[in-house]
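Okay, entry.txt now, which holds compact mmCIF, C-alpha atoms:
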# COMPACT_ATOMS: atom_id res chain seq x y z
CA MET Y 1 121.78 377.60 54.32
CA ASP Y 2 119.23 376.57 56.90
CA PHE Y 3 115.60 376.01 56.03
CA GLY Y 4 114.60 374.79 59.46
CA THR Y 5 114.59 371.39 61.06
CA GLU Y 6 111.31 370.26 59.50
CA PHE Y 7 113.00 369.97 56.11
CA LYS Y 8 114.39 366.82 54.61
CA PRO Y 9 118.07 367.23 53.79
CA LEU Y 10 118.39 369.11 50.54
CA THR Y 11 120.63 367.75 47.82
CA VAL Y 12 121.78 370.81 45.92
CA GLN Y 13 123.61 369.17 43.04
CA PRO Y 14 121.22 368.86 40.08
CA GLN Y 15 122.68 365.53 38.92
CA GLU Y 16 122.17 364.02 42.37
CA ILE Y 17 118.61 365.34 42.48
CA GLU Y 18 117.90 363.77 39.09
CA GLN Y 19 119.49 360.45 40.09
CA LEU Y 20 117.49 360.25 43.29
CA SER Y 21 114.29 361.23 41.47
CA PHE Y 22 114.81 358.52 38.85
CA GLN Y 23 115.31 355.94 41.61
CA MET Y 24 112.09 357.02 43.31
CA ILE Y 25 110.21 356.84 40.00
CA THR Y 26 111.43 353.31 39.26
CA GLU Y 27 110.50 352.11 42.75
CA GLU Y 28 107.10 353.76 42.75
CA LEU Y 29 106.16 352.75 39.20
CA GLY Y 30 106.77 349.09 39.94
CA SER Y 31 106.01 346.57 37.21
CA HIS Y 32 105.28 347.78 33.69
CA ASP Y 33 105.36 346.58 30.09
CA PHE Y 34 107.73 349.15 28.62
CA SER Y 35 110.90 347.89 26.93
CA THR Y 36 114.40 348.74 28.14
CA GLU Y 37 114.73 351.19 25.23
CA GLN Y 38 111.37 352.84 25.89
CA TYR Y 39 111.72 353.13 29.65
CA PRO Y 40 114.05 356.19 29.75
CA VAL Y 41 111.33 358.16 27.93
CA VAL Y 42 108.68 356.99 30.39
CA GLN Y 43 110.94 357.81 33.32
CA ARG Y 44 111.79 361.29 32.09
CA ILE Y 45 108.14 362.10 31.37
CA ILE Y 46 107.16 361.05 34.89
CA HIS Y 47 110.08 363.12 36.18
CA ALA Y 48 108.77 366.17 34.29
CA SER Y 49 105.14 365.75 35.32
CA ALA Y 50 105.20 363.84 38.64
CA ASP Y 51 102.30 362.00 37.06
CA PHE Y 52 102.42 358.21 37.05
CA GLU Y 53 99.00 358.00 35.41
CA LEU Y 54 100.39 359.93 32.47
CA GLY Y 55 103.51 357.75 32.42
CA ARG Y 56 101.44 354.58 32.35
CA SER Y 57 99.30 355.97 29.53
CA LEU Y 58 102.23 356.19 27.12
CA VAL Y 59 102.07 354.17 23.91
CA PHE Y 60 105.05 353.51 21.64
CA HIS Y 61 104.97 352.35 18.05
CA GLU Y 62 107.29 349.33 17.94
CA GLN Y 63 109.83 351.17 15.77
CA ALA Y 64 109.56 354.48 17.62
CA MET Y 65 112.73 354.37 19.69
CA GLU Y 66 115.02 353.05 16.94
CA ALA Y 67 113.55 355.41 14.34
CA GLY Y 68 113.84 358.38 16.68
CA ILE Y 69 117.46 357.63 17.55
CA GLN Y 70 118.33 357.18 13.88
CA ALA Y 71 116.55 360.41 12.92
CA ILE Y 72 118.55 362.36 15.51
CA LEU Y 73 121.83 360.76 14.41
CA ALA Y 74 120.94 361.60 10.79
CA GLY Y 75 120.52 365.24 11.76
CA GLN Y 76 116.80 365.43 10.97
CA PRO Y 77 115.30 368.67 12.29
CA VAL Y 78 113.00 368.61 15.29
CA ILE Y 79 109.77 370.46 14.48
CA ALA Y 80 108.27 371.95 17.66
CA ASP Y 81 104.62 373.01 17.64
CA VAL Y 82 105.17 376.04 19.89
CA ARG Y 83 108.02 378.21 21.16
CA MET Y 84 107.78 376.76 24.67
CA VAL Y 85 108.67 373.33 23.31
CA GLU Y 86 111.55 374.82 21.35
CA ALA Y 87 112.81 376.56 24.50
CA GLY Y 88 112.85 373.34 26.51
CA ILE Y 89 114.67 371.06 24.09
CA ALA Y 90 118.38 370.37 24.80
CA LYS Y 91 119.71 371.68 21.50
CA GLU Y 92 123.40 370.91 21.79
CA ARG Y 93 122.72 367.17 21.68
CA LEU Y 94 120.89 367.59 18.35
CA GLN Y 95 123.49 369.96 16.94
CA ARG Y 96 126.25 367.36 17.36
CA TYR Y 97 124.67 365.44 14.48
CA GLY Y 98 123.64 368.45 12.42
CA GLY Y 99 120.10 368.72 13.80
CA GLU Y 100 118.24 371.79 15.02
CA VAL Y 101 114.85 372.78 16.39
CA ARG Y 102 112.41 374.59 14.13
CA VAL Y 103 109.12 376.25 15.04
CA TYR Y 104 106.86 377.73 12.41
CA ILE Y 105 103.79 378.86 14.38
CA SER Y 106 104.84 382.51 14.64
CA ASP Y 107 106.18 382.92 11.10
CA PRO Y 108 104.56 385.96 9.46
CA ASP Y 109 103.52 383.93 6.38
CA VAL Y 110 101.90 381.31 8.61
CA ILE Y 111 99.94 383.92 10.57
CA GLU Y 112 98.86 385.61 7.33
CA ALA Y 113 97.78 382.37 5.62
CA ALA Y 114 95.89 381.19 8.71
CA ARG Y 115 93.92 384.44 8.80
CA GLU Y 116 93.17 384.34 5.08
CA GLN Y 117 92.10 380.70 5.06
CA GLY Y 118 90.28 380.67 8.41
CA LEU Y 119 92.48 377.86 9.74
CA THR Y 120 94.41 377.56 12.97
CA ARG Y 121 98.01 378.72 12.82
CA ALA Y 122 98.90 375.21 13.99
CA ILE Y 123 97.45 373.67 10.81
CA VAL Y 124 99.21 376.10 8.51
CA ALA Y 125 102.49 375.69 10.41
CA THR Y 126 102.24 371.92 10.04
CA ARG Y 127 101.78 372.25 6.29
CA LYS Y 128 104.82 374.47 6.03
CA ALA Y 129 106.87 372.09 8.17
CA CYS Y 130 105.93 369.08 6.04
CA ALA Y 131 106.84 370.95 2.87
CA GLU Y 132 110.26 371.88 4.27
CA ALA Y 133 111.10 368.80 6.36
CA PRO Y 134 108.90 365.81 5.46
CA GLY Y 135 111.26 363.44 7.31
CA GLY Y 136 111.64 365.52 10.47
CA ILE Y 137 110.87 364.63 14.07
CA TYR Y 138 107.45 366.15 14.76
CA VAL Y 139 106.84 367.22 18.34
CA ILE Y 140 103.29 368.27 19.19
CA GLY Y 141 102.31 369.01 22.77
CA ASN Y 142 99.55 371.51 22.26
CA ALA Y 143 97.26 371.91 19.26
CA PRO Y 144 95.33 368.77 18.31
CA THR Y 145 94.72 370.48 14.95
CA ALA Y 146 98.47 370.28 14.27
CA LEU Y 147 98.51 366.56 14.96
CA LEU Y 148 95.37 365.94 12.89
CA GLU Y 149 96.84 367.87 9.98
CA LEU Y 150 100.10 365.93 10.25
CA ILE Y 151 98.14 362.67 10.18
CA ARG Y 152 96.31 363.84 7.07
CA LEU Y 153 99.57 364.76 5.34
CA ILE Y 154 101.11 361.40 6.25
CA GLN Y 155 98.07 359.60 4.85
CA ALA Y 156 98.32 361.74 1.71
CA GLY Y 157 101.97 360.73 1.32
CA GLU Y 158 103.19 364.28 1.81
CA ALA Y 159 105.11 363.55 5.00
CA ARG Y 160 107.07 360.56 6.27
CA PRO Y 161 108.29 361.74 9.67
CA GLY Y 162 111.33 360.18 11.27
CA LEU Y 163 109.25 360.13 14.44
CA VAL Y 164 106.00 361.70 15.65
CA ILE Y 165 105.88 362.67 19.32
CA GLY Y 166 102.18 363.48 19.50
CA MET Y 167 100.82 364.38 22.92
CA PRO Y 168 98.59 367.43 22.62
CA VAL Y 169 96.93 368.27 25.92
CA GLY Y 170 93.34 369.33 26.13
CA PHE Y 171 89.63 368.79 26.16
CA VAL Y 172 88.62 369.28 22.53
CA SER Y 173 89.99 366.72 20.03
CA ALA Y 174 93.21 366.01 21.96
CA ALA Y 175 92.43 362.42 22.96
CA GLU Y 176 90.79 361.78 19.57
CA SER Y 177 93.80 363.04 17.63
CA LYS Y 178 96.06 360.66 19.57
CA GLU Y 179 93.67 357.78 18.93
CA GLU Y 180 93.96 358.54 15.22
CA LEU Y 181 97.76 358.65 15.47
CA ARG Y 182 97.82 355.19 17.05
CA ARG Y 183 96.04 353.80 13.97
CA LEU Y 184 98.97 354.79 11.73
CA ASP Y 185 101.92 352.55 11.00
CA VAL Y 186 104.54 355.25 11.45
CA PRO Y 187 107.02 355.63 14.31
CA TYR Y 188 105.19 357.47 17.09
CA ILE Y 189 105.28 358.13 20.80
CA THR Y 190 101.90 359.15 22.19
CA ASN Y 191 99.57 358.49 25.11
CA ILE Y 192 95.97 357.61 25.80
CA GLY Y 193 93.76 360.43 27.03
CA ARG Y 194 93.73 364.19 27.41
CA LYS Y 195 97.04 364.76 29.13
CA GLY Y 196 100.24 365.88 27.48
CA GLY Y 197 101.67 369.34 26.90
CA SER Y 198 104.93 371.13 26.27
CA THR Y 199 106.87 369.85 29.27
CA VAL Y 200 105.86 366.26 28.50
CA VAL Y 201 106.95 366.26 24.86
CA VAL Y 202 110.14 368.12 25.75
CA ALA Y 203 110.95 365.36 28.23
CA ALA Y 204 110.45 362.77 25.48
CA VAL Y 205 112.75 364.58 23.03
CA ASN Y 206 115.44 365.08 25.66
CA ALA Y 207 115.32 361.42 26.74
CA LEU Y 208 115.60 360.40 23.11
CA SER Y 209 118.56 362.64 22.32
CA LEU Y 210 120.40 361.30 25.38
CA LEU Y 211 119.88 357.78 24.03
CA ALA Y 212 121.10 358.90 20.62
CA VAL Y 213 124.29 360.34 22.11
CA ARG Y 214 124.87 357.14 24.06
CA ARG Y 215 124.31 355.08 20.92
CA ALA Y 216 126.79 357.16 18.96
CA GLU Y 217 129.36 356.84 21.74
CA THR Y 218 128.89 353.07 22.00
CA ASP Y 219 129.20 352.68 18.24
CA ALA Y 220 132.36 354.79 18.22
CA ALA Y 221 133.84 352.69 21.04
CA HIS Y 222 133.21 349.49 19.06
CA VAL Y 223 134.83 350.89 15.95
CA ARG Y 224 137.98 351.96 17.80
CA PRO Y 225 140.73 349.32 17.83
CA MET S 226 89.48 368.72 5.37
CA ASP S 227 88.20 365.26 6.15
CA PHE S 228 89.57 363.20 9.01
CA GLY S 229 87.11 360.35 8.54
CA THR S 230 83.68 359.73 9.97
CA GLU S 231 84.88 358.37 13.30
CA PHE S 232 85.95 361.86 14.30
CA LYS S 233 83.93 364.26 16.38
CA PRO S 234 83.34 367.51 14.51
CA LEU S 235 86.44 369.60 14.79
CA THR S 236 86.19 373.22 15.81
CA VAL S 237 89.13 374.90 14.14
CA GLN S 238 88.86 378.38 15.64
CA PRO S 239 91.15 378.61 18.68
CA GLN S 240 88.77 380.88 20.61
CA GLU S 241 85.91 378.43 20.13
CA ILE S 242 88.11 375.53 21.22
CA GLU S 243 89.09 377.45 24.36
CA GLN S 244 85.49 378.43 25.13
CA LEU S 245 84.27 374.87 24.77
CA SER S 246 87.17 373.55 26.84
CA PHE S 247 86.43 376.00 29.65
CA GLN S 248 82.77 374.92 29.67
CA MET S 249 83.79 371.27 29.90
CA ILE S 250 86.19 372.05 32.76
CA THR S 251 83.54 373.91 34.76
CA GLU S 252 81.01 371.10 34.31
CA GLU S 253 83.47 368.34 35.12
CA LEU S 254 85.05 370.09 38.11
CA GLY S 255 81.68 370.55 39.79
CA SER S 256 81.61 372.11 43.25
CA HIS S 257 84.74 373.70 44.67
CA ASP S 258 85.83 376.30 47.21
CA PHE S 259 87.74 378.67 44.96
CA SER S 260 86.61 382.30 44.87
CA THR S 261 85.32 384.00 41.72
CA GLU S 262 88.65 385.81 41.39
CA GLN S 263 90.72 382.65 41.88
CA TYR S 264 88.68 380.43 39.60
CA PRO S 265 90.09 381.68 36.24
CA VAL S 266 93.56 380.60 37.40
CA VAL S 267 92.26 377.17 38.40
CA GLN S 268 90.42 376.82 35.11
CA ARG S 269 93.41 377.79 32.98
CA ILE S 270 95.70 375.44 34.88
CA ILE S 271 93.30 372.55 34.33
CA HIS S 272 93.06 373.60 30.68
CA ALA S 273 96.85 373.46 30.37
CA SER S 274 97.27 370.14 32.16
CA ALA S 275 93.97 368.28 31.70
CA ASP S 276 94.52 367.40 35.33
CA PHE S 277 91.65 367.99 37.75
CA GLU S 278 93.64 366.54 40.63
CA LEU S 279 96.24 369.24 40.07
CA GLY S 280 93.52 371.89 39.76
CA ARG S 281 91.95 370.82 43.04
CA SER S 282 95.34 370.87 44.77
CA LEU S 283 95.82 374.61 44.21
CA VAL S 284 96.17 376.86 47.24
CA PHE S 285 95.89 380.66 47.16
CA HIS S 286 97.06 383.09 49.79
CA GLU S 287 94.05 385.28 50.50
CA GLN S 288 95.72 388.34 48.98
CA ALA S 289 97.24 386.49 46.01
CA MET S 290 94.85 387.54 43.28
CA GLU S 291 94.60 391.18 44.24
CA ALA S 292 98.35 391.49 44.84
CA GLY S 293 99.14 389.77 41.56
CA ILE S 294 96.80 392.01 39.57
CA GLN S 295 98.22 395.12 41.23
CA ALA S 296 101.81 393.99 40.62
CA ILE S 297 101.08 393.52 36.91
CA LEU S 298 99.33 396.89 36.66
CA ALA S 299 102.31 398.48 38.45
CA GLY S 300 104.63 397.05 35.80
CA GLN S 301 106.55 394.77 38.18
CA PRO S 302 108.74 392.37 36.24
CA VAL S 303 107.85 388.70 36.05
CA ILE S 304 110.84 386.56 37.07
CA ALA S 305 110.71 383.19 35.32
CA ASP S 306 112.81 380.34 36.68
CA VAL S 307 113.61 378.87 33.25
CA ARG S 308 113.50 379.86 29.59
CA MET S 309 110.52 377.57 28.90
CA VAL S 310 108.41 379.61 31.32
CA GLU S 311 109.59 382.83 29.73
CA ALA S 312 108.66 381.47 26.28
CA GLY S 313 105.10 380.62 27.32
CA ILE S 314 104.12 383.87 29.03
CA ALA S 315 101.90 386.25 27.05
CA LYS S 316 104.24 389.21 27.13
CA GLU S 317 102.17 391.90 25.39
CA ARG S 318 99.70 391.97 28.27
CA LEU S 319 102.54 392.71 30.70
CA GLN S 320 104.16 395.26 28.42
CA ARG S 321 100.99 397.38 28.36
CA TYR S 322 101.75 398.32 31.97
CA GLY S 323 105.53 398.50 31.63
CA GLY S 324 106.20 394.93 32.73
CA GLU S 325 108.47 392.34 31.17
CA VAL S 326 109.68 388.78 31.73
CA ARG S 327 113.17 388.20 33.06
CA VAL S 328 115.06 384.95 33.37
CA TYR S 329 118.47 384.78 35.01
CA ILE S 330 119.31 381.07 34.98
CA SER S 331 121.51 381.17 31.88
CA ASP S 332 123.32 384.42 32.65
CA PRO S 333 127.09 383.88 32.42
CA ASP S 334 127.68 385.41 35.87
CA VAL S 335 125.05 383.08 37.36
CA ILE S 336 126.61 380.00 35.78
CA GLU S 337 130.06 381.10 36.93
CA ALA S 338 129.00 381.85 40.51
CA ALA S 339 127.06 378.57 40.78
CA ARG S 340 130.14 376.63 39.72
CA GLU S 341 132.41 378.51 42.10
CA GLN S 342 130.11 378.21 45.10
CA GLY S 343 128.87 374.67 44.43
CA LEU S 344 125.23 375.79 44.37
CA THR S 345 122.49 375.16 41.84
CA ARG S 346 122.15 377.79 39.12
CA ALA S 347 118.56 378.16 40.32
CA ILE S 348 119.72 379.34 43.74
CA VAL S 349 122.19 381.85 42.34
CA ALA S 350 119.64 383.09 39.79
CA THR S 351 117.12 383.66 42.58
CA ARG S 352 119.65 385.72 44.54
CA LYS S 353 120.38 387.86 41.49
CA ALA S 354 116.65 388.31 40.82
CA CYS S 355 115.93 389.41 44.38
CA ALA S 356 118.78 391.91 44.24
CA GLU S 357 117.45 393.41 41.02
CA ALA S 358 113.68 393.09 41.50
CA PRO S 359 112.75 392.44 45.14
CA GLY S 360 109.10 393.31 44.41
CA GLY S 361 108.72 391.24 41.26
CA ILE S 362 106.31 388.42 40.45
CA TYR S 363 108.31 385.23 41.04
CA VAL S 364 107.31 382.30 38.87
CA ILE S 365 108.89 378.95 39.75
CA GLY S 366 107.78 375.79 37.99
CA ASN S 367 110.92 373.73 38.18
CA ALA S 368 113.72 373.93 40.71
CA PRO S 369 112.62 373.53 44.34
CA THR S 370 116.00 375.04 45.26
CA ALA S 371 114.89 378.31 43.62
CA LEU S 372 111.71 378.39 45.70
CA LEU S 373 113.53 377.47 48.91
CA GLU S 374 116.09 380.20 48.29
CA LEU S 375 113.31 382.73 47.59
CA ILE S 376 111.63 381.75 50.87
CA ARG S 377 114.92 382.25 52.70
CA LEU S 378 115.40 385.70 51.14
CA ILE S 379 111.83 386.70 52.01
CA GLN S 380 112.37 385.58 55.61
CA ALA S 381 115.65 387.55 55.66
CA GLY S 382 113.79 390.65 54.48
CA GLU S 383 115.73 390.76 51.21
CA ALA S 384 112.69 390.22 48.99
CA ARG S 385 109.07 391.23 49.20
CA PRO S 386 107.58 389.76 46.02
CA GLY S 387 104.41 391.20 44.53
CA LEU S 388 103.35 387.57 44.12
CA VAL S 389 105.01 384.17 44.31
CA ILE S 390 103.73 381.55 41.88
CA GLY S 391 105.54 378.57 43.33
CA MET S 392 104.76 375.21 41.79
CA PRO S 393 108.02 373.33 41.21
CA VAL S 394 107.39 369.83 39.91
CA GLY S 395 109.36 366.87 41.14
CA PHE S 396 110.27 364.15 43.55
CA VAL S 397 113.02 365.71 45.63
CA SER S 398 112.04 368.70 47.81
CA ALA S 399 109.26 369.94 45.49
CA ALA S 400 106.29 369.18 47.77
CA GLU S 401 108.32 370.26 50.80
CA SER S 402 109.27 373.60 49.27
CA LYS S 403 105.59 374.34 48.59
CA GLU S 404 104.68 373.36 52.13
CA GLU S 405 107.22 375.89 53.35
CA LEU S 406 105.80 378.56 51.02
CA ARG S 407 102.32 378.03 52.46
CA ARG S 408 103.65 378.92 55.91
CA LEU S 409 104.59 382.41 54.76
CA ASP S 410 102.28 385.39 54.94
CA VAL S 411 103.10 386.69 51.47
CA PRO S 412 100.87 386.61 48.39
CA TYR S 413 101.35 383.18 46.81
CA ILE S 414 99.72 380.74 44.45
CA THR S 415 100.89 377.17 44.97
CA ASN S 416 99.63 373.63 45.22
CA ILE S 417 99.87 370.62 47.47
CA GLY S 418 102.05 367.78 46.24
CA ARG S 419 104.65 367.01 43.62
CA LYS S 420 102.93 368.27 40.51
CA GLY S 421 103.55 371.59 38.82
CA GLY S 422 105.93 372.58 36.04
CA SER S 423 106.46 375.16 33.36
CA THR S 424 103.11 374.83 31.59
CA VAL S 425 101.24 375.06 34.89
CA VAL S 426 102.91 378.24 36.13
CA VAL S 427 102.63 379.80 32.67
CA ALA S 428 98.88 379.15 32.76
CA ALA S 429 98.69 380.92 36.11
CA VAL S 430 100.59 383.99 34.90
CA ASN S 431 98.52 384.21 31.72
CA ALA S 432 95.23 383.91 33.61
CA LEU S 433 96.40 386.62 35.97
CA SER S 434 97.45 389.04 33.25
CA LEU S 435 94.07 388.60 31.54
CA LEU S 436 92.40 389.56 34.82
CA ALA S 437 94.72 392.56 35.14
CA VAL S 438 93.79 393.76 31.64
CA ARG S 439 90.11 393.35 32.43
CA ARG S 440 90.55 395.25 35.70
CA ALA S 441 92.32 398.11 33.93
CA GLU S 442 89.57 398.25 31.29
CA THR S 443 86.80 398.22 33.88
CA ASP S 444 88.51 400.96 35.87
CA ALA S 445 88.95 403.04 32.72
CA ALA S 446 85.26 402.60 31.84
CA HIS S 447 84.26 403.84 35.30
CA VAL S 448 86.47 406.89 35.03
CA ARG S 449 85.09 407.87 31.64
CA PRO S 450 82.05 410.20 31.82

Could you write out this file's structure as structure tokens?
Amino acid sequence: MDFGTEFKPLTVQPQEIEQLSFQMITEELGSHDFSTEQYPVVQRIIHASADFELGRSLVFHEQAMEAGIQAILAGQPVIADVRMVEAGIAKERLQRYGGEVRVYISDPDVIEAAREQGLTRAIVATRKACAEAPGGIYVIGNAPTALLELIRLIQAGEARPGLVIGMPVGFVSAAESKEELRRLDVPYITNIGRKGGSTVVVAAVNALSLLAVRRAETDAAHVRP
Amino acid sequence: MDFGTEFKPLTVQPQEIEQLSFQMITEELGSHDFSTEQYPVVQRIIHASADFELGRSLVFHEQAMEAGIQAILAGQPVIADVRMVEAGIAKERLQRYGGEVRVYISDPDVIEAAREQGLTRAIVATRKACAEAPGGIYVIGNAPTALLELIRLIQAGEARPGLVIGMPVGFVSAAESKEELRRLDVPYITNIGRKGGSTVVVAAVNALSLLAVRRAETDAAHVRP
């Protein structure tokens, strides 16, 4: 293959591309206050967005990483707000521990109830998710109404998520919903401001499941004689 | 529902949220050089990313909008680089004109050939796509290697896409691949820099298909007596 002399040499192996990207991110980000456990999530989100401002805006509840890893290892389901998020999540790493990805937004009963009650499908889907999996890992990259409803259900004692990854993107209520999330004492990963979205929350879940796999492997190595 | 008094009033109807968001985007973006036809794509990308810098970095080939609308109305398939992009595209608007979304990256023969030849799956998937749909709408939000391969095939005369939406995100070769795309005289929508990704290209496709539907409806109204 020849793309002309003006091109930088092209590394065609995906692992090498990822390695090199991660190096560039670490160099360019410079000093930061994220912990060693949190940093892989930050790094993978910057990798998925090429947005250092977004990376720097991330906020972690102090138990977020440990709770998220434990929830994955316990096989808690990952509740995705939309199909795009579901599509992006590396499922085999969840399945190893009995987990799966669920998305309720297009369920016929959700669509029907939303129409009847004049609510967003995101709100109704969140209610259904909390009824079926109150301890799940909630991943919201889009509708602020989903995150606000989840917060309400947590406050009402109807949900106790293993982890909330709450980064809806947008101009109406997105930043406010995240501000509200940061007031809760539940394990969360979120950010300050309007940015977020499907690719960003997918990056967070995939970073987390990689850490969970590593944890399981380390634990297994220590148990072995 | 009551989220506390510190909350701004919450509009729960998705259409109202979108309307209000679009107004905010137009006000905040201020003056720009995008044409009336291009602007809906810019607006929807900013809506999906909350990133004005990204919005301002968009670059349109002068025939991009018209070619894209015509390709959709002609039922050309939309070739998505990854499953996440496929999941996000509003398919019913394409199906009205005989179009569909295709994604080749996980095809067993693509995976096999990539392994054998030591290439990225993205490159092999692009070759398969160009063999099957040389006039399709190519949507690349992730692998720069897919965009670089598409450029090579266009230059070799093996593809003549209806439109290229080329916005791979990333640190290695992403910006360079877009720079190369901008040198071609083919209909493209791209941007300057590292940013991009699945949500961004999905926003572009969905804005475009809305315009195509509106065009078809306007044309039909003119034909009617």

Find the residues near Asn367 in chain S: any atom within 12 Å, counting only C-alpha atoms, skip ones fewer than 6 places away on the same chain, and give them as a PDB file with C-alpha atoms, in the coordinates of the input.
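Wrote selection.pdb, looks like this:
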ATOM      1  CA  PRO Y  14     121.220 368.860  40.080  1.00  0.00           C
ATOM      2  CA  HIS Y  47     110.080 363.120  36.180  1.00  0.00           C
ATOM      3  CA  ALA Y  48     108.770 366.170  34.290  1.00  0.00           C
ATOM      4  CA  SER Y  49     105.140 365.750  35.320  1.00  0.00           C
ATOM      5  CA  ALA Y  50     105.200 363.840  38.640  1.00  0.00           C
ATOM      6  CA  GLY Y  88     112.850 373.340  26.510  1.00  0.00           C
ATOM      7  CA  THR Y 199     106.870 369.850  29.270  1.00  0.00           C
TER       8      THR Y 199
ATOM      9  CA  ALA S 305     110.710 383.190  35.320  1.00  0.00           C
ATOM     10  CA  ASP S 306     112.810 380.340  36.680  1.00  0.00           C
ATOM     11  CA  VAL S 307     113.610 378.870  33.250  1.00  0.00           C
ATOM     12  CA  ARG S 308     113.500 379.860  29.590  1.00  0.00           C
ATOM     13  CA  MET S 309     110.520 377.570  28.900  1.00  0.00           C
ATOM     14  CA  VAL S 310     108.410 379.610  31.320  1.00  0.00           C
ATOM     15  CA  ILE S 330     119.310 381.070  34.980  1.00  0.00           C
ATOM     16  CA  ARG S 346     122.150 377.790  39.120  1.00  0.00           C
ATOM     17  CA  ALA S 347     118.560 378.160  40.320  1.00  0.00           C
ATOM     18  CA  ILE S 348     119.720 379.340  43.740  1.00  0.00           C
ATOM     19  CA  LEU S 373     113.530 377.470  48.910  1.00  0.00           C
ATOM     20  CA  ILE S 390     103.730 381.550  41.880  1.00  0.00           C
ATOM     21  CA  GLY S 391     105.540 378.570  43.330  1.00  0.00           C
ATOM     22  CA  MET S 392     104.760 375.210  41.790  1.00  0.00           C
ATOM     23  CA  PRO S 393     108.020 373.330  41.210  1.00  0.00           C
ATOM     24  CA  VAL S 394     107.390 369.830  39.910  1.00  0.00           C
ATOM     25  CA  GLY S 395     109.360 366.870  41.140  1.00  0.00           C
ATOM     26  CA  PHE S 396     110.270 364.150  43.550  1.00  0.00           C
ATOM     27  CA  VAL S 397     113.020 365.710  45.630  1.00  0.00           C
ATOM     28  CA  SER S 398     112.040 368.700  47.810  1.00  0.00           C
ATOM     29  CA  ALA S 399     109.260 369.940  45.490  1.00  0.00           C
ATOM     30  CA  ALA S 400     106.290 369.180  47.770  1.00  0.00           C
ATOM     31  CA  SER S 402     109.270 373.600  49.270  1.00  0.00           C
ATOM     32  CA  LYS S 403     105.590 374.340  48.590  1.00  0.00           C
ATOM     33  CA  ARG S 419     104.650 367.010  43.620  1.00  0.00           C
ATOM     34  CA  LYS S 420     102.930 368.270  40.510  1.00  0.00           C
ATOM     35  CA  GLY S 421     103.550 371.590  38.820  1.00  0.00           C
ATOM     36  CA  GLY S 422     105.930 372.580  36.040  1.00  0.00           C
ATOM     37  CA  SER S 423     106.460 375.160  33.360  1.00  0.00           C
ATOM     38  CA  THR S 424     103.110 374.830  31.590  1.00  0.00           C
ATOM     39  CA  VAL S 425     101.240 375.060  34.890  1.00  0.00           C
ATOM     40  CA  VAL S 426     102.910 378.240  36.130  1.00  0.00           C
ATOM     41  CA  VAL S 427     102.630 379.800  32.670  1.00  0.00           C
TER      42      VAL S 427
END

How many Å separate CA of Val326 in chain S from CA of Glu405 in chain S?
25.3 Å

Given all atoms listed in the file as the basis, pick out the residue of Y:Glu217, Y:Ile72, Y:Ala143, Y:Arg183 nearest to Gln155 in chain Y.
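That would be Y:Arg183, the residue with the smallest distance to Gln155 in chain Y.
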
Polymer residues at most 6 Å from Gly387 in chain S, only C-alpha atoms, same-chain spacing of 2 or more positions, as a ChimeraX atom specification:
/S:296,360-362

Mind listing whatever residues come within 12 Å of the point (97.6, 382.2, 10.0)? Use all atoms listed in the file, file coordinates, and give them as a PyMOL selection string.
(chain Y and resi 104-128) or (chain S and resi 237-239)

Would you mind reading off the distance between CA of Pro302 in chain S and CA of Gln288 in chain S, one decimal, in Å?
18.7 Å

Can you list, as a PyMOL selection string, every protein, DNA or RNA residue that comes within 7 Å of Pro134 in chain Y when you count all atoms listed in the file, leaving out same-chain residues fewer than 5 positions away?
chain Y and resi 158-161

Between CA of Glu62 in chain Y and CA of Ser21 in chain Y - distance in Å to one decimal:
27.3 Å

Counting all atoms listed in the file, figure out which residue out of Y:Met24, Y:Ile192, Y:Ala156, Y:Ile79 gets nearest to chain S.
Y:Met24

9 Å contact set for range 257-259 of chain S, only C-alpha atoms, chain neighbours under 5 positions out, as a list in words:
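Neighbouring residues, sequence-local ones excluded: Tyr264, Val267, Arg281, Val284 and Phe285 of chain S.
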
Counting all atoms listed in the file, the option among Y:Ile17, Y:Ala67, Y:Val223, Y:Val78 closest to chain S:
Y:Ile17

Can you complete the atoms of range 241-245 of chain S to N, CA, C and O atoms and list them as an mmCIF file, keeping the file's coordinate frame?
data_model
loop_
_atom_site.group_PDB
_atom_site.id
_atom_site.type_symbol
_atom_site.label_atom_id
_atom_site.label_comp_id
_atom_site.auth_asym_id
_atom_site.auth_seq_id
_atom_site.Cartn_x
_atom_site.Cartn_y
_atom_site.Cartn_z
ATOM 1 N N GLU S 241 87.017 379.359 19.896
ATOM 2 C CA GLU S 241 85.910 378.430 20.130
ATOM 3 C C GLU S 241 86.374 377.202 20.898
ATOM 4 O O GLU S 241 85.678 376.705 21.786
ATOM 5 N N ILE S 242 87.560 376.700 20.531
ATOM 6 C CA ILE S 242 88.110 375.530 21.220
ATOM 7 C C ILE S 242 88.298 375.859 22.707
ATOM 8 O O ILE S 242 87.926 375.086 23.579
ATOM 9 N N GLU S 243 88.846 377.050 22.978
ATOM 10 C CA GLU S 243 89.090 377.450 24.360
ATOM 11 C C GLU S 243 87.778 377.587 25.138
ATOM 12 O O GLU S 243 87.653 377.083 26.252
ATOM 13 N N GLN S 244 86.815 378.258 24.519
ATOM 14 C CA GLN S 244 85.490 378.430 25.130
ATOM 15 C C GLN S 244 84.877 377.096 25.522
ATOM 16 O O GLN S 244 84.406 376.894 26.635
ATOM 17 N N LEU S 245 84.863 376.181 24.559
ATOM 18 C CA LEU S 245 84.270 374.870 24.770
ATOM 19 C C LEU S 245 85.026 374.107 25.856
ATOM 20 O O LEU S 245 84.428 373.467 26.736
#
